[in-house]
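Below is one structure, written out as structure tokens; comments come after it.
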Amino acid sequence: WLLHVPSALAGQLDTEELVTELAHRLREVLGAQTVLVEMDQSDGSGPEELACVGPPPSVGAVTWDVPLPTTAPLRGRLRILPATPSSAQQADLAGLVAQRIGMIVESDWLRGADRRRRAWMTYLAETSELLSQSLDVDLAVAVVPQVVVPRLGQWCAVHLFDGSTLRLAALTHAVEDELPRLRAALEPQLPNELRSRLATLLQPASPDSVRFTVPSDGVAVPLRTRGRAIGTLTVGRPASRPHTPEDVVLLGDVARRAALAIHNAQTTAAHIGVSQALQQALLPRALPAVPGVEFAAEYLPATTGSDVGGDFYDVITVGPTQWLAAIGDVCGTGARAAARTGQVRDMLRVLTREGRSLTRSVKVLNDVMMETAD
């Protein structure tokens, strides 16, 4: 009767009710004044009351404590009044109930952990999808705090490292009215404690995370990719609890995904910058100023990304009263087409300025292009 709960009844009770039922039975068997069950999940919140049968013990009261045989991180105990067992049989009975309650609590915790694990896997998959949707640096950075708050903290800031200093790149707060105050605390200069903590994350042999207390309690993790720190992810604690070890692990996972997305966006932006500079180099800086004639041009590429077009235009001064307008279309795109474009454009300038006729210039140009076998 003390330990066995019929399956039909157990199926109708949640964990707290089932533990309360067992505590109630133990109290009757022992003739105790109070039986209290406390659990501590080692998440920083301290022991919590799971069940209490009888008047709660007064503050500082001495109780007979029986530990629950659970595995880490769970820790629990039975607290029984009066403070000592009256016989060895009572101690054995309390130990049996503690073992039964420990099994119930641990099974429930494992089921909850499995649900949390599935939820986090879904969350990380959604985070990866959101971060991969844009190769724009500003947009990729702006998404990061949005996926962190409020699930992993009250506020989140992303700082990018430019080689010498940390620059605030994105910021959000669960309470929108708090955002101006938070921004003032983080920009233009970080608080001394937070600045020194973030500086340690930028070192080659940096820790996986650091904790800070200013402007509020929180955790910071490095944004690291390809063995190099490109910034930091700073997260304020959730509203009702400190960050748990599980939270810190998840933040590290989010930071790795965010760092890769930001790095890819930065690399793409660099490629686009080089490509657009190359594209501009293929076009004339200015058109000739000719009395009585107005030259105008507009270049509208099909894409504005990293692709370099193979089209060009030019206006070449041939003589005091002669100008040559050239428009060319090289097959294909990319570096190969750009190289061919530059070759044709420059060669045409040289050929026409040497006094050759247009027909002769085009023939020589054609012969040279045929010789390249491209």
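Letters A, B, ... go to the chains of the structure tokens in the order shown; residues in each chain start at 1; ligands are counted from 1 in the same order.
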Excluding same-chain residues fewer than 5 positions from Leu250 in chain A, what lies within 9 Å of it counting only C-alpha atoms, as a list of chain:residue names?
A:Trp120, A:Leu124, A:Leu152, A:Pro245, A:Ala255
Tell me, as a PDB file with C-alpha atoms, in the first residue's frame, which residues lie within 7 Å of range 257-272 of chain A, counting only C-alpha atoms; anything in the same chain fewer than 6 positions away does not count.
```pdb
ATOM      1  CA  SER A 128      19.731  28.214 -39.617  1.00  0.00           C
ATOM      2  CA  LEU A 131      20.180  33.136 -41.173  1.00  0.00           C
ATOM      3  CA  SER A 132      20.747  31.594 -44.593  1.00  0.00           C
ATOM      4  CA  LEU A 135      23.714  37.369 -48.131  1.00  0.00           C
ATOM      5  CA  ASP A 136      23.380  41.017 -47.137  1.00  0.00           C
ATOM      6  CA  VAL A 137      25.619  41.723 -44.135  1.00  0.00           C
ATOM      7  CA  ALA A 140      22.180  38.807 -41.638  1.00  0.00           C
ATOM      8  CA  VAL A 141      23.376  40.643 -38.503  1.00  0.00           C
ATOM      9  CA  VAL A 144      20.583  37.265 -35.016  1.00  0.00           C
ATOM     10  CA  LEU A 223      31.222  34.786 -33.022  1.00  0.00           C
ATOM     11  CA  ARG A 224      33.980  32.586 -34.382  1.00  0.00           C
ATOM     12  CA  THR A 225      34.393  31.106 -37.840  1.00  0.00           C
ATOM     13  CA  GLY A 305      25.610  41.116 -57.677  1.00  0.00           C
ATOM     14  CA  SER A 306      29.020  39.556 -58.134  1.00  0.00           C
TER      15      SER A 306
END
```
Thr84 in chain A surroundings by only C-alpha atoms, 10 Å radius, close-in-sequence under 5 positions cut, as a compact mmCIF listing (two decimals) with all heavy atoms, in the first residue's frame:
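Saved as part_38.txt:
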```txt
# COMPACT_ATOMS: atom_id res chain seq x y z
N VAL A 62 14.65 21.90 12.42
CA VAL A 62 15.50 20.74 12.17
C VAL A 62 14.61 19.60 11.70
O VAL A 62 13.63 19.24 12.35
CB VAL A 62 16.28 20.33 13.43
CG1 VAL A 62 17.13 19.10 13.16
CG2 VAL A 62 17.14 21.49 13.91
N THR A 63 14.94 19.02 10.55
CA THR A 63 14.12 17.94 9.98
C THR A 63 14.98 16.71 9.76
O THR A 63 16.21 16.76 9.72
CB THR A 63 13.50 18.38 8.65
OG1 THR A 63 14.55 18.77 7.74
CG2 THR A 63 12.55 19.55 8.84
N TRP A 64 14.29 15.59 9.60
CA TRP A 64 14.94 14.33 9.21
C TRP A 64 14.97 14.30 7.69
O TRP A 64 13.93 14.22 7.04
CB TRP A 64 14.16 13.18 9.82
CG TRP A 64 14.48 11.81 9.27
CD1 TRP A 64 15.63 11.41 8.68
CD2 TRP A 64 13.59 10.68 9.25
NE1 TRP A 64 15.55 10.11 8.29
CE2 TRP A 64 14.31 9.62 8.64
CE3 TRP A 64 12.29 10.45 9.72
CZ2 TRP A 64 13.74 8.37 8.45
CZ3 TRP A 64 11.75 9.20 9.54
CH2 TRP A 64 12.46 8.17 8.92
N ASP A 65 16.16 14.40 7.11
CA ASP A 65 16.31 14.51 5.66
C ASP A 65 16.74 13.18 5.06
O ASP A 65 17.69 12.54 5.53
CB ASP A 65 17.34 15.58 5.30
CG ASP A 65 16.85 16.99 5.64
OD1 ASP A 65 15.65 17.13 5.93
OD2 ASP A 65 17.67 17.92 5.60
N GLN A 90 11.28 2.46 10.34
CA GLN A 90 10.83 3.74 9.78
C GLN A 90 11.85 4.30 8.80
O GLN A 90 11.50 4.82 7.74
CB GLN A 90 10.57 4.73 10.91
CG GLN A 90 9.27 4.51 11.64
CD GLN A 90 8.89 5.71 12.49
OE1 GLN A 90 9.74 6.54 12.83
NE2 GLN A 90 7.62 5.81 12.84
N ALA A 91 13.13 4.19 9.14
CA ALA A 91 14.18 4.68 8.24
C ALA A 91 14.16 3.91 6.92
O ALA A 91 14.31 4.50 5.84
CB ALA A 91 15.55 4.56 8.91
```
Among A:Ala51, A:Leu233, A:Val315, A:Leu9, Arg256 in chain A is approached most closely, using only C-alpha atoms, by A:Leu233
Non-local contacts of Ser87 in chain A (12 Å; only C-alpha atoms; under 6 positions in same chain excluded) as a VMD selection string
chain A and resid 30 93 to 94
Selected residues written out with N, CA and C atoms, as a CSV table (one decimal), in the first residue's frame:
```
chain,number,residue,atom,x,y,z
A,30,LEU,N,4.3,6.6,9.0
A,30,LEU,CA,5.3,7.0,10.1
A,30,LEU,C,4.6,7.7,11.2
A,93,LEU,N,11.5,2.4,5.6
A,93,LEU,CA,10.3,2.8,4.8
A,93,LEU,C,10.5,4.1,4.1
A,94,ALA,N,11.1,5.1,4.9
A,94,ALA,CA,11.4,6.4,4.3
A,94,ALA,C,12.3,6.3,3.1
```
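Closest approach to Val254 in chain A among A:Ser361, A:Thr234, A:Ser216, A:Asn366 is made by A:Thr234 (distances from only C-alpha atoms).
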Would you give me, as a ChimeraX atom specification, the residues in range 20-51 of chain A that DSSP reads as alpha helix (DSSP H)?
/A:20-30
Kindly export the residues of the current selection with N, CA, C and O atoms, as a compact mmCIF listing (two decimals), in the first residue's frame.
```txt
# COMPACT_ATOMS: atom_id res chain seq x y z
N THR A 20 2.77 13.68 -4.23
CA THR A 20 1.99 14.07 -3.05
C THR A 20 1.27 12.87 -2.45
O THR A 20 1.20 12.71 -1.22
N GLU A 21 0.73 11.98 -3.32
CA GLU A 21 0.06 10.78 -2.83
C GLU A 21 1.02 9.89 -2.05
O GLU A 21 0.69 9.38 -0.97
N LEU A 22 2.23 9.70 -2.57
CA LEU A 22 3.21 8.86 -1.88
C LEU A 22 3.65 9.51 -0.56
O LEU A 22 3.85 8.83 0.45
N ALA A 23 3.82 10.84 -0.56
CA ALA A 23 4.19 11.54 0.67
C ALA A 23 3.09 11.42 1.71
O ALA A 23 3.36 11.28 2.92
N HIS A 24 1.84 11.48 1.25
CA HIS A 24 0.70 11.35 2.17
C HIS A 24 0.69 9.96 2.82
O HIS A 24 0.48 9.82 4.04
N ARG A 25 0.98 8.92 2.01
CA ARG A 25 1.00 7.56 2.56
C ARG A 25 2.14 7.40 3.56
O ARG A 25 1.98 6.76 4.63
N LEU A 26 3.32 7.95 3.22
CA LEU A 26 4.45 7.84 4.14
C LEU A 26 4.15 8.55 5.46
O LEU A 26 4.50 8.05 6.53
N ARG A 27 3.49 9.70 5.38
CA ARG A 27 3.15 10.43 6.61
C ARG A 27 2.24 9.60 7.50
O ARG A 27 2.41 9.56 8.73
N GLU A 28 1.28 8.89 6.88
CA GLU A 28 0.38 8.07 7.68
C GLU A 28 1.12 6.89 8.31
O GLU A 28 0.92 6.57 9.49
N VAL A 29 1.99 6.23 7.55
CA VAL A 29 2.70 5.06 8.07
C VAL A 29 3.65 5.46 9.20
O VAL A 29 3.75 4.76 10.22
N LEU A 30 4.33 6.59 9.04
CA LEU A 30 5.29 7.02 10.06
C LEU A 30 4.62 7.74 11.23
O LEU A 30 5.24 7.89 12.28
```
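Between CA of Ala169 in chain A and CA of Phe212 in chain A the interatomic distance comes to 19.6 Å.
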So which residues touch range 328-341 of chain A within 8 Å, counting only C-alpha atoms, skipping near sequence neighbours fewer than 4 positions away, as an mmCIF file with C-alpha atoms, in the first residue's frame?
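To be explicit, this is the file written out as selection26.cif:
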```
data_model
loop_
_atom_site.group_PDB
_atom_site.id
_atom_site.type_symbol
_atom_site.label_atom_id
_atom_site.label_comp_id
_atom_site.auth_asym_id
_atom_site.auth_seq_id
_atom_site.Cartn_x
_atom_site.Cartn_y
_atom_site.Cartn_z
ATOM 1 C CA LEU A 278 35.982 45.739 -62.172
ATOM 2 C CA GLN A 279 32.764 46.509 -64.019
ATOM 3 C CA LEU A 282 35.583 48.593 -68.069
ATOM 4 C CA ASP A 307 28.544 38.826 -61.856
ATOM 5 C CA VAL A 308 30.562 41.027 -64.197
ATOM 6 C CA GLY A 309 28.960 41.732 -67.540
ATOM 7 C CA GLY A 310 30.689 41.408 -70.880
ATOM 8 C CA ASP A 311 29.180 44.585 -72.366
ATOM 9 C CA PHE A 312 30.930 47.890 -72.833
ATOM 10 C CA TYR A 313 30.610 51.287 -74.458
ATOM 11 C CA ARG A 345 38.135 48.146 -75.573
#
```
Using only C-alpha atoms, determine which residues lie at most 8 Å from range 173-184 of chain A, disregarding the query and same-chain residues fewer than 2 positions distant; provide the list as an NGL selection string.
:A and (149-150 or 154-156 or 171 or 186-188 or 215)
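The residue that comes closest to Arg117 in chain A, out of A:Asp253, A:Asp162, A:Glu246, A:Glu371 and on the basis of only C-alpha atoms, is A:Glu246.
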Just asking: which residues within range 45-236 of chain A are strand (DSSP E or B) according to DSSP, as a PDB file with C-alpha atoms, in the first residue's frame?
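File selection20.pdb, as written:
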```pdb
ATOM      1  CA  GLU A  48      11.754  24.102  -4.959  1.00  0.00           C
ATOM      2  CA  GLU A  49       8.895  22.474  -3.085  1.00  0.00           C
ATOM      3  CA  LEU A  50       7.391  19.624  -5.100  1.00  0.00           C
ATOM      4  CA  ALA A  51       4.919  18.336  -2.486  1.00  0.00           C
ATOM      5  CA  CYS A  52       4.078  19.046   1.145  1.00  0.00           C
ATOM      6  CA  VAL A  53       1.735  17.018   3.348  1.00  0.00           C
ATOM      7  CA  TRP A  64      14.942  14.334   9.213  1.00  0.00           C
ATOM      8  CA  ASP A  65      16.307  14.510   5.660  1.00  0.00           C
ATOM      9  CA  VAL A  66      16.330  11.519   3.303  1.00  0.00           C
ATOM     10  CA  PRO A  67      18.073  12.124  -0.071  1.00  0.00           C
ATOM     11  CA  ARG A  75      18.999  16.659  -6.552  1.00  0.00           C
ATOM     12  CA  GLY A  76      16.178  16.133  -4.093  1.00  0.00           C
ATOM     13  CA  ARG A  77      15.310  15.137  -0.549  1.00  0.00           C
ATOM     14  CA  LEU A  78      12.487  14.138   1.759  1.00  0.00           C
ATOM     15  CA  ARG A  79      12.172  16.418   4.787  1.00  0.00           C
ATOM     16  CA  ILE A  80      10.279  14.759   7.629  1.00  0.00           C
ATOM     17  CA  LEU A  81       9.076  16.043  10.987  1.00  0.00           C
ATOM     18  CA  TRP A 155      17.995  41.424 -24.697  1.00  0.00           C
ATOM     19  CA  CYS A 156      20.686  40.634 -27.218  1.00  0.00           C
ATOM     20  CA  ALA A 157      23.473  42.633 -28.872  1.00  0.00           C
ATOM     21  CA  VAL A 158      25.801  41.742 -31.731  1.00  0.00           C
ATOM     22  CA  HIS A 159      29.220  43.429 -31.839  1.00  0.00           C
ATOM     23  CA  LEU A 160      31.457  43.021 -34.882  1.00  0.00           C
ATOM     24  CA  PHE A 161      35.240  43.247 -34.649  1.00  0.00           C
ATOM     25  CA  LEU A 166      34.130  46.245 -31.331  1.00  0.00           C
ATOM     26  CA  ARG A 167      31.257  47.991 -33.130  1.00  0.00           C
ATOM     27  CA  LEU A 168      27.614  47.581 -32.104  1.00  0.00           C
ATOM     28  CA  ALA A 169      25.967  46.128 -35.210  1.00  0.00           C
ATOM     29  CA  ALA A 170      22.533  44.977 -33.983  1.00  0.00           C
ATOM     30  CA  LEU A 171      20.471  45.217 -30.801  1.00  0.00           C
ATOM     31  CA  THR A 172      17.028  44.221 -29.564  1.00  0.00           C
ATOM     32  CA  HIS A 173      15.122  44.042 -26.261  1.00  0.00           C
ATOM     33  CA  VAL A 210      31.873  34.653 -20.158  1.00  0.00           C
ATOM     34  CA  ARG A 211      29.354  36.048 -17.699  1.00  0.00           C
ATOM     35  CA  PHE A 212      28.861  39.723 -16.894  1.00  0.00           C
ATOM     36  CA  GLY A 218      24.025  37.872 -18.839  1.00  0.00           C
ATOM     37  CA  VAL A 219      26.285  35.694 -20.948  1.00  0.00           C
ATOM     38  CA  ALA A 220      28.520  36.524 -23.921  1.00  0.00           C
ATOM     39  CA  VAL A 221      29.862  34.055 -26.489  1.00  0.00           C
ATOM     40  CA  PRO A 222      32.271  34.616 -29.394  1.00  0.00           C
ATOM     41  CA  LEU A 223      31.222  34.786 -33.022  1.00  0.00           C
ATOM     42  CA  ARG A 224      33.980  32.586 -34.382  1.00  0.00           C
ATOM     43  CA  THR A 225      34.393  31.106 -37.840  1.00  0.00           C
ATOM     44  CA  ARG A 228      38.942  33.658 -36.265  1.00  0.00           C
ATOM     45  CA  ALA A 229      36.710  35.784 -34.030  1.00  0.00           C
ATOM     46  CA  ILE A 230      34.607  38.210 -36.064  1.00  0.00           C
ATOM     47  CA  GLY A 231      32.618  39.561 -33.112  1.00  0.00           C
ATOM     48  CA  THR A 232      30.614  38.693 -30.008  1.00  0.00           C
ATOM     49  CA  LEU A 233      27.046  37.755 -29.116  1.00  0.00           C
ATOM     50  CA  THR A 234      25.921  39.320 -25.815  1.00  0.00           C
ATOM     51  CA  VAL A 235      22.669  38.149 -24.197  1.00  0.00           C
ATOM     52  CA  GLY A 236      20.976  39.465 -21.054  1.00  0.00           C
TER      53      GLY A 236
END
```
In Å, rounded to a single decimal, give me how far CA of Gln343 in chain A is from CA of Arg360 in chain A.
17.6 Å
Calculated over only C-alpha atoms, which of the candidates A:Thr122, A:Ile316, A:Asp138, A:Met370 has the smallest distance to Leu358 in chain A?
A:Ile316
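You will find CA of Pro242 in chain A at 7.7 Å from CA of Asp217 in chain A.
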